[in-house]
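J.: Please read through the structure below; I'll follow up with questions.
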Amino acid sequence: MAYQEIAMLEPIGALDHERYLAANPDVRLAGLDPAVHYELHGHSEGRRQVVDPARVMALREEKLSRVRFNRSCARAATGAFDVLSAGARASFKLPEYPPVAENDYAPELVDMIRGNPDSLFLDVGAGFRHVYYSNVVNAEIWAAPSTDVVCLGEDLPFEDGQFDHVFCLAVLEHTKRPWIAAQEIMRVLKPGGTIRIDWPFLQPIHGYPHHYYNATPMGLMSMFEDMDVQSARVRPWQHPIFTLSWFLNEWATGLQGAALESLKSLTVQNILDANPEVLLRHPFCQELGAARQEIIAAGTTLIATKRA
């Protein structure tokens with residue numbers, strides 16, 4: 001198959017209601033008329049619609065003909081192979097249109113995909129990719145317009161050793177059993193194949209459907225200790241400044257009035273000079289609600305009773 005890529009979103013000439021809703025699930029969830037929404041808001045917001053689905057479905061058929069599955073698969077309306085069980089859907093409480101991520105690949109990954117047109121890539125937890133590549137199999141828990149296979153990362157429906165490269169980018173923190181997902185990634189990878197794993201360390205609770213595990217660099221490497229690790233380092237988008245900004249913004253969102261102004265007036269020097277136990281007595285700590293504390297807490301204490 002000749003290498004191809006399709007931009008999944010296009011500017012709106014003639015408005016297609018279903019294609020507009022596919023690209024803008026918030027409009028669908030709100031039950032709004034696409035034409036009315038586009039006239040009032042979508043045009044000024046630069047909203048787009050999904051490209052002709054027939055083009056994507058045809059390329060999907062060609063792509064998946066290269067893939068060996070280890071079980072039978074149902075088909076979603078988009079043509080994606082669907083192996084997600086009813087039990088799995090229930091355990092994640094999946095809504096009809098989950099708020100999956102829509103992140104772009106880093107330029108180096110785009111170069112890697114384009115530079116290896118005959119290789120087969122697997123993207124575990126791909127979200128909605130705005131560029132659809134003929135050599136990248138997009139696996140996700142929901143049939144987004146770019147999804148090729150609907151499944152869990154802990155139970156990939158592929159035969160062993162067939163992908164040249166596997167990506168799993170900011171996904172393992174959202175899996176219930178990341179150690180099993182790691183085993184699955186290694187299982188479907190060809191001998192000599194490479195993986196690219198992005199896993200947060202100091203990040204607040206975030207994302208969909210749930211946030212289970214963060215990992216230290218050592219924890220990340222331990223998941224793949226059976227492989228030859230070339231590097232495990234902080235990339236520009238993982239710099240501590242993102243952690244600091246994210247934490248402080250989450251904190252500020254949970255306050256109002258004098259407590260918020262007190263937090264905003266703090267200097268870095270104030271924080272460095274003070275004992276945290278002293279800061280804990282201030283309103284910006286005392287008035288931070290339990291739900292917001294949970295998102296950015298330093299830890300969690302579990303107390304449990306063994307069932308009879």
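In the structure tokens, the first chain shown is A, the next is B, and so on; residue numbers restart at 1 for each chain, and ligands run from 1 in the order shown.
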Listing only residues of segment 83-148 of chain A within 12 Å of segment 40-55 of chain A, what is the closest atom pair and its distance in Å (to one decimal) for each, using only C-alpha atoms, sorted by chain and residue number ascending, as a tab-separated table?
T.:
```
residue	atom	partner	partner_atom	distance
A:Phe128	CA	A:Val50	CA	11.1
A:Arg129	CA	A:Val50	CA	11.3
A:His130	CA	A:Val50	CA	9.2
A:Val131	CA	A:Val51	CA	10.6
A:Tyr132	CA	A:Arg55	CA	10.5
A:Ser134	CA	A:Arg55	CA	11.6
A:Ala144	CA	A:Val50	CA	10.7
A:Pro145	CA	A:Val50	CA	7.6
A:Ser146	CA	A:Pro53	CA	9.7
A:Thr147	CA	A:Pro53	CA	11.9
```
J.: I'd like the contact shell of His282 of chain A - 12 Å cut-off, only C-alpha atoms, skipping same-chain residues fewer than 3 positions apart - returned as a list in words.
T.: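 Residues meeting the cut-off are Ala258, Ala259, Leu260, Glu261, Ser262, Leu263, Leu266, Ala274, Asn275, Pro276, Glu277, Val278, Leu279, Cys285, Gln286, Glu287 and Leu288 of chain A.
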J.: Those same residues, written as an mmCIF file, in the first residue's frame with C-alpha atoms?
T.:
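result25.cif, written as the output of this step:
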```
data_model
loop_
_atom_site.group_PDB
_atom_site.id
_atom_site.type_symbol
_atom_site.label_atom_id
_atom_site.label_comp_id
_atom_site.auth_asym_id
_atom_site.auth_seq_id
_atom_site.Cartn_x
_atom_site.Cartn_y
_atom_site.Cartn_z
ATOM 1 C CA ALA A 258 -9.473 37.128 50.084
ATOM 2 C CA ALA A 259 -8.049 33.598 50.113
ATOM 3 C CA LEU A 260 -7.434 33.747 46.356
ATOM 4 C CA GLU A 261 -5.826 37.184 46.575
ATOM 5 C CA SER A 262 -3.606 35.944 49.405
ATOM 6 C CA LEU A 263 -2.389 33.041 47.275
ATOM 7 C CA LEU A 266 2.715 35.026 47.549
ATOM 8 C CA ALA A 274 8.328 29.403 55.239
ATOM 9 C CA ASN A 275 7.701 26.086 56.955
ATOM 10 C CA PRO A 276 4.833 24.339 55.126
ATOM 11 C CA GLU A 277 3.189 23.655 58.489
ATOM 12 C CA VAL A 278 3.008 27.415 59.047
ATOM 13 C CA LEU A 279 1.629 28.038 55.539
ATOM 14 C CA CYS A 285 -4.701 26.421 52.501
ATOM 15 C CA GLN A 286 -7.606 26.199 54.931
ATOM 16 C CA GLU A 287 -10.236 27.277 52.405
ATOM 17 C CA LEU A 288 -9.137 24.966 49.596
#
```
J.: Can you pull out every residue from segment 54-189 of chain A that DSSP, working from the backbone, puts in alpha helix (DSSP H), and format the result as a VMD selection string?
T.: chain A and resid 54 to 64 86 to 91 107 to 115 178 to 188
J.: Set the distance at 12 Å and use only C-alpha atoms: which residues neighbour Val110 of chain A once local chain neighbours fewer than 6 positions away are removed? I'd like the list as a list of chain:residue names.
T.: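 Returned residues: A:Glu5, A:Asp104, A:Asn116, A:Pro117, A:Phe121, A:Arg129, A:Val131, A:Tyr132, A:Tyr133, A:Asn135, A:Val136, A:Phe167.
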J.: Out of segment 165-295 of chain A, which residues get strand (DSSP E or B) from DSSP, as a PyMOL selection string?
T.: chain A and resi 165-169+189-198
J.: With only C-alpha atoms as the atoms that count, which of A:Met112, A:Cys73, A:Ala14, A:Leu122 lies nearest to Met186 of chain A?
T.: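 With only C-alpha atoms as the atom set, the closest residue is A:Leu122.
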J.: Of the residues A:Val56, A:Glu39, A:Asp273, A:Ala22, which is the one nearest to Gln4 of chain A, using only C-alpha atoms?
T.: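 For Gln4 of chain A, the nearest of the candidates is A:Val56.
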J.: Contacts of Trp246 of chain A at 8 Å or less, counting only C-alpha atoms, minus same-chain residues fewer than 4 places along, as an NGL selection string?
T.: :A and (203-204 or 242 or 250)
J.: If we count only C-alpha atoms and set the cut-off at 8 Å, which residues sit around segment 221-223 of chain A, ignoring sequence neighbours fewer than 3 positions away in its own chain? Please answer as a list in words.
T.: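 So, after excluding close chain neighbours, the residues are Trp179, Ala182, Pro217, Met218, Val229 and Ala232 of chain A.
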J.: Could you save the residues just selected, with C-alpha atoms, as an mmCIF file, in the first residue's frame?
T.:
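Output contents, as saved in again-v6.cif:
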```
data_model
loop_
_atom_site.group_PDB
_atom_site.id
_atom_site.type_symbol
_atom_site.label_atom_id
_atom_site.label_comp_id
_atom_site.auth_asym_id
_atom_site.auth_seq_id
_atom_site.Cartn_x
_atom_site.Cartn_y
_atom_site.Cartn_z
ATOM 1 C CA TRP A 179 1.968 -3.162 34.125
ATOM 2 C CA ALA A 182 3.217 -2.565 29.257
ATOM 3 C CA PRO A 217 11.577 7.682 35.795
ATOM 4 C CA MET A 218 12.659 4.538 37.626
ATOM 5 C CA VAL A 229 16.327 1.154 27.220
ATOM 6 C CA ALA A 232 14.397 7.892 29.857
#
```
